[in-house]
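Asks: What follows is a structure written as structure tokens; I'll ask about it next.
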Amino acid sequence: MKTGISALMALMLTLPASASWMLDNEESSLKFISTKKNAASEVHHFDAMSGNISDDGKAAVMLDLSSVETNIEIRNERLKSMLFDVASFKSATITTVIDMSKLDGTDIGGIYSSVLDVTVDLHGKQKTYPAHLTVMKMSDDKIVVAADDPIIVNAADFGLEEGIEKLREIAALPSIATSVPVTFLLVYEQK
């Protein structure tokens, strides 16, 4: 019996002291705003995301581009095929580095805000944007990372202008904005 307990304790001591932080897809959101005709703006989102924060604070979110939701089915299909080209590019990734030590020892509700580099990887191209983010300790095993201000993503940074032009033509619109504000609220739980 003592040998079994000793072996179990030895095993526990060899496990990493911190566990992984995993994105809670149900509680998280990433939204973007499209504008057409220079005046009509609409909010869209992605239904399927995954992600984690590693022990060194590297935070990642992977978006399933085929889960785009605009509340109009034909528009969803057009975005998937004409803009995102989900047959060739199934996902997009957003990364940053969170200073988890700023939450160590803080009470529940403790927060810090900072301007951090956020890198978007979409269609095989990467672009880094400065972003005002707030990180909040919701409980001992849950944190929230939120964009204080929208990040303005330009379609030209990812070679998406042609896709936007195709969408404009098929919908017979005078214009579709090529820059979109993106905002997010990401909930990570320690597993």
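Residue numbers start at 1 in each chain; chains themselves are named A, B, ... in the order of the structure tokens; ligands are numbered from 1 in the order shown.
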Please list as a ChimeraX atom specification every residue within 10 Å of stretch 161-163 of chain A, counting only C-alpha atoms and excluding residues in the same chain fewer than 3 positions away.

Replies: /A:78-79,81-85,154-158,166-169,177-179

Asks: What are the nearest atom pairs, with distances in Å to one decimal, for all residues of stretch 15-48 of chain A that come at most 12 Å from stretch 65-70 of chain A, using only C-alpha atoms, set out by chain and rising residue number as JSON lines?

Replies:
{"residue": "A:Ser29", "atom": "CA", "partner": "A:Glu69", "partner_atom": "CA", "distance": 11.8}
{"residue": "A:Leu30", "atom": "CA", "partner": "A:Val68", "partner_atom": "CA", "distance": 10.3}
{"residue": "A:Lys31", "atom": "CA", "partner": "A:Glu69", "partner_atom": "CA", "distance": 9.6}
{"residue": "A:Phe32", "atom": "CA", "partner": "A:Thr70", "partner_atom": "CA", "distance": 9.8}
{"residue": "A:Ile33", "atom": "CA", "partner": "A:Thr70", "partner_atom": "CA", "distance": 9.9}
{"residue": "A:Ser34", "atom": "CA", "partner": "A:Thr70", "partner_atom": "CA", "distance": 9.7}
{"residue": "A:Ser41", "atom": "CA", "partner": "A:Thr70", "partner_atom": "CA", "distance": 11.6}
{"residue": "A:Glu42", "atom": "CA", "partner": "A:Thr70", "partner_atom": "CA", "distance": 8.2}
{"residue": "A:Val43", "atom": "CA", "partner": "A:Thr70", "partner_atom": "CA", "distance": 7.3}
{"residue": "A:His44", "atom": "CA", "partner": "A:Thr70", "partner_atom": "CA", "distance": 4.8}
{"residue": "A:His45", "atom": "CA", "partner": "A:Glu69", "partner_atom": "CA", "distance": 5.4}
{"residue": "A:Phe46", "atom": "CA", "partner": "A:Val68", "partner_atom": "CA", "distance": 4.4}
{"residue": "A:Asp47", "atom": "CA", "partner": "A:Ser67", "partner_atom": "CA", "distance": 5.2}
{"residue": "A:Ala48", "atom": "CA", "partner": "A:Ser67", "partner_atom": "CA", "distance": 5.7}

Asks: Write the residues of the selection above to a file with N, CA, C and O atoms, as a PDB file, in the first residue's frame.

Replies:
ATOM      1  N   SER A  29     -16.649  34.748 -27.990  1.00  0.00           N
ATOM      2  CA  SER A  29     -17.191  35.270 -29.245  1.00  0.00           C
ATOM      3  C   SER A  29     -16.135  36.078 -29.978  1.00  0.00           C
ATOM      4  O   SER A  29     -15.268  36.699 -29.368  1.00  0.00           O
ATOM      5  N   LEU A  30     -16.204  36.033 -31.296  1.00  0.00           N
ATOM      6  CA  LEU A  30     -15.401  36.881 -32.165  1.00  0.00           C
ATOM      7  C   LEU A  30     -16.361  37.403 -33.219  1.00  0.00           C
ATOM      8  O   LEU A  30     -17.015  36.624 -33.910  1.00  0.00           O
ATOM      9  N   LYS A  31     -16.461  38.735 -33.307  1.00  0.00           N
ATOM     10  CA  LYS A  31     -17.425  39.354 -34.213  1.00  0.00           C
ATOM     11  C   LYS A  31     -16.716  40.316 -35.154  1.00  0.00           C
ATOM     12  O   LYS A  31     -15.703  40.909 -34.792  1.00  0.00           O
ATOM     13  N   PHE A  32     -17.285  40.459 -36.356  1.00  0.00           N
ATOM     14  CA  PHE A  32     -16.769  41.443 -37.300  1.00  0.00           C
ATOM     15  C   PHE A  32     -17.948  42.151 -37.950  1.00  0.00           C
ATOM     16  O   PHE A  32     -19.056  41.628 -38.011  1.00  0.00           O
ATOM     17  N   ILE A  33     -17.692  43.378 -38.390  1.00  0.00           N
ATOM     18  CA  ILE A  33     -18.747  44.213 -38.953  1.00  0.00           C
ATOM     19  C   ILE A  33     -18.464  44.456 -40.428  1.00  0.00           C
ATOM     20  O   ILE A  33     -17.362  44.880 -40.789  1.00  0.00           O
ATOM     21  N   SER A  34     -19.444  44.151 -41.269  1.00  0.00           N
ATOM     22  CA  SER A  34     -19.321  44.464 -42.694  1.00  0.00           C
ATOM     23  C   SER A  34     -20.195  45.677 -42.997  1.00  0.00           C
ATOM     24  O   SER A  34     -21.228  45.885 -42.365  1.00  0.00           O
ATOM     25  N   SER A  41     -24.370  48.721 -42.065  1.00  0.00           N
ATOM     26  CA  SER A  41     -23.403  47.861 -41.372  1.00  0.00           C
ATOM     27  C   SER A  41     -24.135  46.740 -40.651  1.00  0.00           C
ATOM     28  O   SER A  41     -25.237  46.931 -40.119  1.00  0.00           O
ATOM     29  N   GLU A  42     -23.504  45.552 -40.640  1.00  0.00           N
ATOM     30  CA  GLU A  42     -24.089  44.382 -39.985  1.00  0.00           C
ATOM     31  C   GLU A  42     -23.008  43.639 -39.211  1.00  0.00           C
ATOM     32  O   GLU A  42     -21.851  43.605 -39.622  1.00  0.00           O
ATOM     33  N   VAL A  43     -23.411  43.029 -38.107  1.00  0.00           N
ATOM     34  CA  VAL A  43     -22.496  42.277 -37.255  1.00  0.00           C
ATOM     35  C   VAL A  43     -22.595  40.796 -37.594  1.00  0.00           C
ATOM     36  O   VAL A  43     -23.694  40.242 -37.706  1.00  0.00           O
ATOM     37  N   HIS A  44     -21.440  40.145 -37.757  1.00  0.00           N
ATOM     38  CA  HIS A  44     -21.359  38.714 -38.059  1.00  0.00           C
ATOM     39  C   HIS A  44     -20.421  38.051 -37.046  1.00  0.00           C
ATOM     40  O   HIS A  44     -19.681  38.746 -36.333  1.00  0.00           O
ATOM     41  N   HIS A  45     -20.436  36.738 -37.013  1.00  0.00           N
ATOM     42  CA  HIS A  45     -19.558  36.026 -36.082  1.00  0.00           C
ATOM     43  C   HIS A  45     -19.209  34.647 -36.626  1.00  0.00           C
ATOM     44  O   HIS A  45     -19.704  34.239 -37.682  1.00  0.00           O
ATOM     45  N   PHE A  46     -18.369  33.941 -35.889  1.00  0.00           N
ATOM     46  CA  PHE A  46     -18.026  32.554 -36.195  1.00  0.00           C
ATOM     47  C   PHE A  46     -18.574  31.680 -35.077  1.00  0.00           C
ATOM     48  O   PHE A  46     -18.433  32.001 -33.897  1.00  0.00           O
ATOM     49  N   ASP A  47     -19.214  30.559 -35.453  1.00  0.00           N
ATOM     50  CA  ASP A  47     -19.794  29.656 -34.460  1.00  0.00           C
ATOM     51  C   ASP A  47     -18.772  28.703 -33.848  1.00  0.00           C
ATOM     52  O   ASP A  47     -18.982  28.228 -32.730  1.00  0.00           O
ATOM     53  N   ALA A  48     -17.701  28.391 -34.570  1.00  0.00           N
ATOM     54  CA  ALA A  48     -16.759  27.369 -34.094  1.00  0.00           C
ATOM     55  C   ALA A  48     -15.355  27.937 -33.956  1.00  0.00           C
ATOM     56  O   ALA A  48     -14.756  28.388 -34.933  1.00  0.00           O
TER      57      ALA A  48
END

Asks: Between A:Ile108, A:Ala172, A:Leu23, A:Ala87, single out the one closest to A:Gly51, counting only C-alpha atoms.

Replies: A:Leu23

Asks: Between A:Met22, A:Met136, A:Leu186, A:Val115, single out the one closest to A:Ile53, counting only C-alpha atoms.

Replies: A:Met22

Asks: To one decimal place in Å, what is the distance between atom CA of A:Gln190 and atom CA of A:Ser50?

Replies: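 Between these atoms lies a distance of 13.9 Å.
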
Asks: Can you pull out the residues contacting A:Ser101? Cut-off 12 Å, using only C-alpha atoms, and skip same-chain residues under 6 positions away; I want them as a ChimeraX atom specification.

Replies: /A:55-57,110-112,135,137

Asks: Let me see the file: selected residues, N, CA and C atoms, as a PDB file, in the first residue's frame.

Replies:
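Result went into part_30.pdb, see below:
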ATOM      1  N   ASP A  55       1.870  27.451 -21.282  1.00  0.00           N
ATOM      2  CA  ASP A  55       2.484  27.826 -20.011  1.00  0.00           C
ATOM      3  C   ASP A  55       3.282  29.126 -20.109  1.00  0.00           C
ATOM      4  N   ASP A  56       3.807  29.441 -21.293  1.00  0.00           N
ATOM      5  CA  ASP A  56       4.581  30.673 -21.447  1.00  0.00           C
ATOM      6  C   ASP A  56       3.719  31.862 -21.892  1.00  0.00           C
ATOM      7  N   GLY A  57       2.381  31.708 -21.853  1.00  0.00           N
ATOM      8  CA  GLY A  57       1.474  32.812 -22.123  1.00  0.00           C
ATOM      9  C   GLY A  57       1.072  32.995 -23.572  1.00  0.00           C
ATOM     10  N   GLY A 110      -9.570  40.426 -10.514  1.00  0.00           N
ATOM     11  CA  GLY A 110      -8.366  41.177 -10.828  1.00  0.00           C
ATOM     12  C   GLY A 110      -8.202  41.313 -12.332  1.00  0.00           C
ATOM     13  N   ILE A 111      -7.778  42.504 -12.785  1.00  0.00           N
ATOM     14  CA  ILE A 111      -7.633  42.732 -14.220  1.00  0.00           C
ATOM     15  C   ILE A 111      -6.334  43.475 -14.509  1.00  0.00           C
ATOM     16  N   TYR A 112      -5.913  43.365 -15.752  1.00  0.00           N
ATOM     17  CA  TYR A 112      -4.879  44.259 -16.257  1.00  0.00           C
ATOM     18  C   TYR A 112      -5.174  44.542 -17.719  1.00  0.00           C
ATOM     19  N   VAL A 135      -7.357  41.680 -19.667  1.00  0.00           N
ATOM     20  CA  VAL A 135      -7.361  40.293 -19.189  1.00  0.00           C
ATOM     21  C   VAL A 135      -7.916  40.318 -17.771  1.00  0.00           C
ATOM     22  N   LYS A 137      -9.315  37.953 -14.350  1.00  0.00           N
ATOM     23  CA  LYS A 137      -9.394  36.681 -13.622  1.00  0.00           C
ATOM     24  C   LYS A 137     -10.823  36.515 -13.115  1.00  0.00           C
TER      25      LYS A 137
END

Asks: I need the residue nearest A:Ser28 from this list: A:Leu160, A:Ile72, A:Val61, A:Ala131. Use only C-alpha atoms for the distance.

Replies: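 Closest candidate: A:Val61.
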
Asks: Select, from A:Val145, A:Ile170, A:Met100, A:Ala40, the residue with the minimum atom-to-atom distance to A:Phe184, counting only C-alpha atoms.

Replies: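 Checking each of A:Val145, A:Ile170, A:Met100, A:Ala40 against A:Phe184, counting only C-alpha atoms, the winner is A:Val145.
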
Asks: Just give me the gap between atom CA of A:Val120 and atom CA of A:Tyr188 in Å, one decimal is fine.

Replies: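 If I compute the distance from atom CA of A:Val120 to atom CA of A:Tyr188, I get 18.9 Å.
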